[in-house]
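Visitor: File my_file.csv follows (CSV, C-alpha atoms):
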chain,number,residue,atom,x,y,z
B,1,MET,CA,56.0,16.6,94.4
B,2,ALA,CA,53.9,18.2,97.2
B,3,SER,CA,56.9,18.1,99.5
B,4,VAL,CA,59.1,19.8,96.9
B,5,LEU,CA,56.5,22.6,96.6
B,6,ALA,CA,56.2,22.9,100.3
B,7,TYR,CA,60.0,23.1,100.6
B,8,ARG,CA,60.2,25.9,98.0
B,9,PHE,CA,57.4,27.8,99.8
B,10,VAL,CA,59.3,27.6,103.0
B,11,ILE,CA,62.5,28.9,101.4
B,12,VAL,CA,60.7,31.7,99.6
B,13,ALA,CA,59.0,32.7,102.8
B,14,LEU,CA,62.3,32.6,104.7
B,15,VAL,CA,64.0,34.7,102.0
B,16,ASP,CA,61.1,37.2,102.2
B,17,GLU,CA,61.4,37.4,106.0
B,18,VAL,CA,65.2,38.0,105.8
B,19,LEU,CA,64.8,40.7,103.0
B,20,LEU,CA,62.1,42.5,105.0
B,21,HIS,CA,64.2,42.4,108.1
B,22,ARG,CA,67.2,43.9,106.2
B,23,LEU,CA,65.0,46.6,104.7
B,24,TRP,CA,63.6,47.4,108.2
B,25,ALA,CA,67.0,47.3,109.9
B,26,GLU,CA,68.7,49.5,107.3
B,27,SER,CA,65.8,52.0,107.2
B,28,SER,CA,65.8,52.1,111.0
B,29,ARG,CA,69.6,52.7,111.1
B,30,VAL,CA,69.4,55.5,108.6
B,31,VAL,CA,66.5,57.1,110.4
B,32,GLU,CA,68.4,57.1,113.7
B,33,GLN,CA,71.5,58.5,112.0
B,34,LEU,CA,69.6,61.2,110.3
B,35,SER,CA,67.7,62.0,113.5
B,36,ARG,CA,71.1,62.7,115.2
B,37,LEU,CA,72.2,65.0,112.3
B,38,VAL,CA,68.9,66.8,112.3
B,39,ALA,CA,69.2,67.5,116.0
B,40,GLN,CA,72.4,69.4,115.1
B,41,GLY,CA,70.6,71.2,112.2
B,42,LYS,CA,72.5,69.2,109.6
B,43,SER,CA,71.3,67.1,106.6
B,44,VAL,CA,67.7,68.4,107.0
B,45,ASP,CA,66.9,68.1,103.3
B,46,ALA,CA,68.2,64.6,103.1
B,47,ALA,CA,66.4,63.5,106.2
B,48,SER,CA,63.1,65.0,105.1
B,49,LEU,CA,63.4,63.4,101.7
B,50,PHE,CA,64.3,60.0,103.1
B,51,GLY,CA,61.5,60.1,105.7
B,52,ARG,CA,58.9,61.1,103.1
B,53,TRP,CA,60.2,58.4,100.7
B,54,LEU,CA,59.8,55.7,103.4
B,55,VAL,CA,56.2,56.8,103.8
B,56,PHE,CA,55.2,57.1,100.2
B,57,SER,CA,57.2,54.1,98.9
B,58,GLY,CA,55.1,51.7,101.0
B,59,VAL,CA,58.1,50.5,103.0
B,60,LEU,CA,56.6,51.6,106.3
B,61,GLU,CA,53.2,50.0,105.5
B,62,MET,CA,55.0,46.8,104.5
B,63,CYS,CA,56.9,46.7,107.7
B,64,GLU,CA,53.9,47.4,109.8
B,65,ARG,CA,51.7,44.8,108.1
B,66,ASN,CA,54.4,42.1,108.6
B,67,PRO,CA,55.8,42.4,112.1
B,68,GLN,CA,58.4,39.7,113.0
B,69,VAL,CA,60.1,38.7,116.2
B,70,GLY,CA,63.3,36.7,116.8
B,71,LEU,CA,66.4,36.8,114.7
B,72,VAL,CA,64.7,38.5,111.7
B,73,GLU,CA,62.7,41.0,113.7
B,74,VAL,CA,60.7,43.7,112.0
B,75,ARG,CA,59.2,46.5,114.2
B,76,GLY,CA,57.3,48.5,111.7
B,77,ARG,CA,55.3,50.6,114.2
B,78,GLU,CA,58.5,51.8,115.9
B,79,LEU,CA,60.0,52.7,112.5
B,80,ARG,CA,56.9,54.7,111.6
B,81,LEU,CA,57.1,56.6,114.9
B,82,GLY,CA,60.8,57.4,114.3
B,83,VAL,CA,60.0,58.6,110.7
B,84,GLU,CA,57.1,60.7,111.8
B,85,ALA,CA,59.3,62.3,114.5
B,86,LEU,CA,62.1,62.9,112.0
B,87,VAL,CA,59.9,64.5,109.4
B,88,PHE,CA,58.3,66.7,112.1
B,89,GLU,CA,61.7,67.9,113.3
B,90,CYS,CA,62.7,68.7,109.8
B,91,GLY,CA,59.5,70.7,109.3
B,92,GLU,CA,60.1,72.6,112.5
B,93,LEU,CA,63.7,73.5,111.4
B,94,TYR,CA,62.3,74.7,108.0
B,95,ARG,CA,59.5,76.6,109.7
B,96,THR,CA,61.8,78.4,112.2
B,97,GLY,CA,64.6,79.0,109.6
B,98,LYS,CA,67.1,77.0,111.7
B,99,ALA,CA,68.0,74.5,109.1
B,100,ASN,CA,71.7,74.8,108.1
B,101,PRO,CA,72.2,75.9,104.5
B,102,ARG,CA,72.7,73.2,101.9
B,103,TYR,CA,76.3,74.4,101.3
B,104,ALA,CA,78.8,75.3,103.9
B,105,GLU,CA,80.0,78.9,104.2
B,106,THR,CA,83.5,77.8,103.3
B,107,ASP,CA,82.3,76.3,100.1
B,108,ILE,CA,80.4,79.4,99.1
B,109,ALA,CA,83.5,81.6,100.0
B,110,GLU,CA,85.7,79.4,97.7
B,111,ILE,CA,83.2,79.6,94.8
B,112,ASN,CA,83.1,83.4,95.3
B,113,ARG,CA,86.9,83.6,95.3
B,114,LYS,CA,87.1,81.7,92.0
B,115,LEU,CA,84.4,83.8,90.4
B,116,ASP,CA,86.1,87.1,91.5
B,117,PHE,CA,89.3,85.8,90.0
B,118,VAL,CA,87.7,84.9,86.7
B,119,LEU,CA,85.7,88.1,86.5
B,120,GLY,CA,88.8,90.2,87.3
B,121,ARG,CA,90.7,88.5,84.5
B,122,LEU,CA,87.8,89.0,82.1
B,123,GLY,CA,87.6,92.6,83.1
B,124,GLU,CA,91.2,93.1,82.1
B,125,GLY,CA,90.3,91.8,78.7
B,126,SER,CA,93.2,89.3,78.8
B,127,LEU,CA,91.0,86.2,78.3
B,128,SER,CA,89.2,84.8,75.3
B,129,GLY,CA,87.9,81.4,74.3
B,130,PRO,CA,87.0,78.4,76.6
B,131,LEU,CA,88.4,78.6,80.1
B,132,LEU,CA,89.4,76.0,82.7
B,133,VAL,CA,90.3,76.9,86.3
B,134,ASP,CA,93.2,75.0,87.7
B,135,ASP,CA,92.2,74.7,91.4
B,136,SER,CA,95.7,73.9,92.7
B,137,THR,CA,97.1,77.3,91.6
B,138,THR,CA,93.9,79.3,90.8
B,139,ARG,CA,95.3,79.9,87.3
B,140,LEU,CA,93.1,80.1,84.3
B,141,LEU,CA,93.9,77.9,81.4
B,142,THR,CA,92.9,79.3,78.0
B,143,THR,CA,92.6,77.5,74.6
B,144,GLY,CA,96.4,78.0,74.1
B,145,ASP,CA,97.2,76.0,77.2
B,146,ASN,CA,97.2,72.3,77.5
B,147,PRO,CA,94.7,71.4,80.1
B,148,HIS,CA,96.2,67.9,80.5
B,149,GLN,CA,99.5,69.5,81.5
B,150,LEU,CA,98.8,71.7,84.5
B,151,PRO,CA,101.4,74.2,85.5
B,152,ASP,CA,103.8,73.4,88.3
B,153,SER,CA,103.8,75.2,91.6
B,154,ASN,CA,105.7,78.2,90.1
B,155,GLY,CA,102.8,78.7,87.6
B,156,GLU,CA,104.9,77.6,84.6
Could you write out this file's structure as structure tokens?

Guide:
Amino acid sequence: MASVLAYRFVIVALVDEVLLHRLWAESSRVVEQLSRLVAQGKSVDAASLFGRWLVFSGVLEMCERNPQVGLVEVRGRELRLGVEALVFECGELYRTGKANPRYAETDIAEINRKLDFVLGRLGEGSLSGPLLVDDSTTRLLTTGDNPHQLPDSNGE
């Protein structure tokens, strides 16, 4: 009976080591990826959020308290230094106003184009009821149209 319990303990400990290694490895990979993006001024919000989550979730503390070497290594101190550098760089980009906007200029321009179209049609008084914008033709579908049967390329 004692050998069975010892065997189960070894398996549980091994599974925990592997899970901790996977958690550390994936966290490290994402921190490195986000660090490269932040260096370009991109994904600053996501990087800051992920870095702060790693700190406050206890993942960093767990990795630091349980360092491992070998095939299932866990280098918690290195991960903490990477996260601290990432969060600092995000803060600097926010402080200096150099963080790229959350939405690309082209996305904003496309939204504005659609709004201008809708407002123009509303200003003409030619629209009433619920509306649906068909992105492929920038055509407004009103309640009389069948939204499941979008117009062809000729607008018909």

Visitor: Rounded to one decimal place, report the atom CA of Arg77 of chain B-atom CA of Arg22 of chain B distance in Å.

Guide: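 Separating atom CA of Arg77 of chain B from atom CA of Arg22 of chain B is a distance of 15.8 Å.
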
Visitor: Residues within 8 Å of Cys90 of chain B, please, as a list of chain:residue names. Count only C-alpha atoms; anything in the same chain fewer than 6 positions from it doesn't count.

Guide: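 That gives B:Val38, B:Val44, B:Asp45, B:Ala47, B:Ser48, B:Ala99.
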
Visitor: Write the selection just made, keeping C-alpha atoms, as a CSV table (one decimal), in the coordinates of the input?

Guide:
chain,number,residue,atom,x,y,z
B,38,VAL,CA,68.9,66.8,112.3
B,44,VAL,CA,67.7,68.4,107.0
B,45,ASP,CA,66.9,68.1,103.3
B,47,ALA,CA,66.4,63.5,106.2
B,48,SER,CA,63.1,65.0,105.1
B,99,ALA,CA,68.0,74.5,109.1

Visitor: Go ahead and compute the interatomic distance for atom CA of Gly82 of chain B and atom CA of Arg65 of chain B, in Å to one decimal.

Guide: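 Atom CA of Arg65 of chain B lies at a distance of 16.7 Å from atom CA of Gly82 of chain B.
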
Visitor: Measuring atom to atom with only C-alpha atoms, identify which of B:Val59, B:Ile111, B:Leu122, B:Val87 is nearest to Trp24 of chain B.

Guide: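 Nearest to Trp24 of chain B: B:Val59.
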
Visitor: What's the 12 Å shell around Ser43 of chain B, counting only C-alpha atoms, without same-chain residues fewer than 2 positions away, as a list in words?

Guide: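 That gives Val30, Val31, Gln33, Leu34, Ser35, Arg36, Leu37, Val38, Ala39, Gln40, Gly41, Asp45, Ala46, Ala47, Ser48, Leu49, Phe50, Leu86, Glu89, Cys90, Leu93, Tyr94, Lys98, Ala99, Asn100, Pro101, Arg102, Tyr103 and Ala104 of chain B.
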
Visitor: As a list in words, please: the residues near His21 of chain B (cut-off 8 Å, all atoms listed in the file, same-chain neighbours under 2 positions excluded).

Guide: Glu17, Val18, Leu19, Leu23, Trp24, Ala25, Val72, Glu73 and Val74 of chain B

Visitor: Please write the residues from the selection above to a file, keeping C-alpha atoms, as a compact mmCIF listing (two decimals), keeping the file's coordinate frame.

Guide:
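That gives us again26.txt:
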# COMPACT_ATOMS: atom_id res chain seq x y z
CA GLU B 17 61.40 37.40 106.00
CA VAL B 18 65.20 38.00 105.80
CA LEU B 19 64.80 40.70 103.00
CA LEU B 23 65.00 46.60 104.70
CA TRP B 24 63.60 47.40 108.20
CA ALA B 25 67.00 47.30 109.90
CA VAL B 72 64.70 38.50 111.70
CA GLU B 73 62.70 41.00 113.70
CA VAL B 74 60.70 43.70 112.00

Visitor: Quick one: distance from atom CA of Trp53 of chain B to atom CA of Ile108 of chain B in Å, one decimal?

Guide: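 Atom CA of Trp53 of chain B sits 29.2 Å away from atom CA of Ile108 of chain B.
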